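Okay, so here's the structure we're looking at.
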Amino acid sequence: MKGNILVIEDDQDMCDMLEAGLSSRDFTVSTYISGREGLAAADLPSTDVVLADINLPDLNGLKICNAIVTNRPDIPVIMMTAFGSMDTAIAAIRAGAYDFITKPLDMDILSLSLERAVRYRNLQETVKKLSDAVNQPRHFENLLGESPAMQELFSQLSRIADSEASLLITGESGSGKDLTARAVHKHSRRKDYPLVTINCAAMPSQLLESELFGHKKGAFTDARTHNKGLFLEADGGTLFLDEVGEIPLALQPKLLRVLEERCVRPVGGTTERPVNVRIIAATNRDLESAVEDGLFREDLFYRLNVIKIDLPPLRSRGADILLLARKFVEQFSTLQDKAITGISDAAAEKLLDYTWPGNVRELRNAVEHAVALTRYDKIVPEDLPEKIRVFRNDYILLGAQDPMELISMEEMERRYIMYVLKTTGGNRTLTARILHVDRKTLYRKLQRYEEQ
C-alpha cells in the first residue's frame with residue numbers, strides 16, 4: 001500500500017468517491033464527515049497524510065490544518081476546496097498546508113500529490129529515527145559519553161575485553177576506573193566467574209599480603225582461621241587491584257612472582273596452589289615516574305602494563321559534562337521524590353566552565369547537592385556548590401599594555417610547565433610528553449621550582 005490517507009470531508013458522497021478512487025490506487029483510506037472527529041483521528045500513529053476540506057460545518061479546515069501542523073508537524077496536510085481563489089490558497093499555505101487542491105478533483109493529480117506527501121512523511125520519519133540514533137547517548141555498560149575521547153575509549157574496551165592480557169587503567173581520581181574494570185570484566189570470557197576487587201591503598205602491608213595470598217591458621221597473631229585469599233577467590237575470573245601504585249615496595253616482588261608463576265602460597269604456608277585469574281590494575285599515580293624514583297618495581301610495572309587504558313578527565317569531555325549531569329539529575333530527583341525536569345542554561349554554563357578536579361565523582365556529588373537544595377523545576381546556579389558558582393578559569397597568558405607587567409621567559413616557562421602539570425593531574429610522564437622534553441629534564445626543573 002502507498003500510505004494511510006485520512007479524509008475529512010462533510011459530503012458523504014464525496015467521501016465515498018475518494019475512498020473508492022484512492023483505494024483503487026493502492027492507498028488505505030479512512031473518512032470522517034466531522035471536522036472535530038477527523039482532527040482527533042489525525043493523531044493516530046498510522047496516519048500518513050491528511051486530506052481535508054476547507055469548508056466544514058463544525059470546524060474550519062484551516063484551523064484543522066494549523067492544529068495538525070502545530071502538534072504533528074511530521075504529518076503533511078493537503079487542503080481541498082470548491083472555491084479556488086488565490087486568497088484561499090495563500091491562507092492554506094499560511095496555515096501550513098503541504099499542498100492545495102481545487103474541486104472538482106482530478107484523481108490522477110490528487111493521487112500524485114498524495115504520493116509526494118507520503119514520501120515526505122516517510123522522509124520525516126527517517127530523519128527522526130536518524131536524529132534519535134545520533135542523540136541516543138552511547139555507552140559501554142555503565143560508562144556513558146558521546147565525546148570523541150569516550151567513543152575512542154569504548155572502541156578500545158570492546159577490542160581488549162576478551163583478551164587474557166593484564167590491563168592497567170590509569171586516570172585521575174573519580175574518572176571511572178572502577179566502572180571501567182567492571183565493564184571490561186562483564187564483556188570478557190570470564191564474566192560468569194567472580195570479579196574480586198581490593199583497594200591496595202586501604203590496608204597496611206602485612207594485612208594486604210594476607211588478603212591477596214591468604215594465610216594459614218596461626219601464621220600471625222590474629223590468624224585464628226584459615227583464609228584462602230583474594231587470588232583464589234577470583235580463580236577463573238578477574239582480580240581488580242585498585243590503587244595498585246600504593247602497594248608497598250616490599251610486597252611487590254611477591255605479587256610479581258604470583259603473576260609470573262600463576263601460583264599462590266598463603267602466608268605461613270609451605271605449599272602452592274595454581275590460580276587462573278586475569279589481572280586488571282588501576283592507579284591515579286604516574287607509575288613510570290614512580291619507577292624512576294625507585295618507588296615501584298620496573299618488572300612489576302611491565303607485567304601489569306601489557307595493555308594500558310588512559311581514562312580522559314571530565315574537563316576534556318566537553319558536552320559529556322551535561323549528559324552526565326542530566327543523568328544524575330534524573331537519578332537524584334527520583335530518589336528525593338522531586339519533580340526536576342533539567343538544568344537551566346545559566347547552571348549548565350557554570351558546569352561547563354568548571355575544571356572538575358574530582359571528575360565524574362565530583363560532578364555526581366555536585367548534582368546531588370543541587371537537587372537537594374533546589375526550589376524550582378530546574379537546577380539554577382544558586383543550587384550548585386559555591387566553588388562551582390564562583391569558579392573562574394586561570395589564564396596563563398595575559399595581554400599587558402604596561403611593560404612593567406611583562407614577565408621573563410624563564411618565568412613564562414615555569415608558569416606554563418606548572419599549568420600543564422596541573423592539567424594532567426600531576427602526571428609527570430604525560431607532562432614531559434606534552435612539553436616534548438626528557439623526563440629527567442622535567443624533574444630537574446620541578447625540583448628547582450620547589451627550591452625557589
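Residue numbers start at 1 in each chain; chains themselves are named A, B, ... in the order of the C-alpha cells; ligands are numbered from 1 in the order shown.
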Who sits within 9 Å of Met80 in chain A, only C-alpha atoms, same chain under 6 positions skipped, as a VMD selection string: chain A and resid 51 to 55 99 to 103 105
Among the residues A:Leu256, A:Ala117, A:Val264, A:Ile64, the one that comes closest to Asn4 in chain A [using only C-alpha atoms]: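 Smallest separation from Asn4 in chain A among the options: A:Ala117.
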Could you give me, as CSV, a per-residue list for range 147-177 of chain A showing, wherever an atom lies at most 10 Å from an atom of range 359-370 of chain A, the closest pair of atoms and their distance in Å to one decimal, using only C-alpha atoms and sorting by chain then residue number from low to high?
residue,atom,partner,partner_atom,distance
A:Gly171,CA,A:Asn359,CA,9.9
A:Glu172,CA,A:Asn359,CA,7.5
A:Ser173,CA,A:Asn359,CA,7.0
A:Gly174,CA,A:Arg361,CA,4.8
A:Ser175,CA,A:Asn359,CA,5.3
A:Gly176,CA,A:Val360,CA,7.1
Requested write-out: C-alpha atoms of the selected residues, as an mmCIF file, in the first residue's frame:
data_model
loop_
_atom_site.group_PDB
_atom_site.id
_atom_site.type_symbol
_atom_site.label_atom_id
_atom_site.label_comp_id
_atom_site.auth_asym_id
_atom_site.auth_seq_id
_atom_site.Cartn_x
_atom_site.Cartn_y
_atom_site.Cartn_z
ATOM 1 C CA GLY A 171 43.289 8.178 35.178
ATOM 2 C CA GLU A 172 42.617 10.858 37.720
ATOM 3 C CA SER A 173 40.687 10.165 40.883
ATOM 4 C CA GLY A 174 36.964 9.960 40.169
ATOM 5 C CA SER A 175 37.357 9.370 36.419
ATOM 6 C CA GLY A 176 35.690 5.945 36.472
#
Selected residue, from A:Leu153, A:Cys65, A:Ala41, A:Val306, that lies nearest to Thr180 in chain A when counting only C-alpha atoms: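 Among the listed residues, the smallest separation from Thr180 in chain A belongs to A:Leu153.
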Within 12 Å of range 26-30 of chain A using only C-alpha atoms, minus same-chain residues under 4 positions, as a ChimeraX atom specification: /A:1-9,15-22,37-38,41-42,44,46-52,110-112,114-115,118
All helix (DSSP H, G or I) positions in range 49-276 of chain A, as a ChimeraX atom specification: /A:61-71,86-94,107-135,148-160,177-186,200-202,205-213,230-233,244-246,252-261
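The shortest atom-to-atom distance to Gly229 in chain A, with only C-alpha atoms taken into account, belongs to A:Val275 out of A:Ala202, A:Val244, A:Val275, A:Ala97.
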Near-range 139-152 of chain A list (12 Å; only C-alpha atoms; drop same-chain fewer than 6 positions) as a PyMOL selection string: chain A and resi 133+158-159+161+175-187+309-328+360
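Separating CA of Val277 in chain A from CA of Phe220 in chain A is a distance of 26.8 Å.
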7 Å contact set for range 267-274 of chain A, only C-alpha atoms, chain neighbours under 5 positions out, as a PyMOL selection string: chain A and resi 210+213-216+219+262
Of the listed residues A:Glu450, A:Glu209, A:Pro381, A:Lys128, that which approaches Asn227 in chain A most closely, counting only C-alpha atoms: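 Result for the nearest residue to Asn227 in chain A: A:Glu209.
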Which of range 323-411 of chain A fall in strand (DSSP E or B), as a PyMOL selection string: chain A and resi 342-343+378-379
For CA of Gly245 in chain A and CA of Thr424 in chain A, the interatomic separation in Å (one decimal):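 The value is 17.3 Å.
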Interatomic distance (Å, one decimal) between CA of His436 in chain A and CA of Arg414 in chain A: 14.9 Å
A:Pro385, A:Gly294, A:Asp11, A:Arg428 ranked by distance to Thr441 in chain A, top pick (using only C-alpha atoms):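 Smallest distance to Thr441 in chain A is found for A:Arg428.
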Selected residue of minimal separation from Glu288 in chain A among A:Glu261, A:Tyr302, A:Leu435, A:Asn276, counting only C-alpha atoms: A:Tyr302
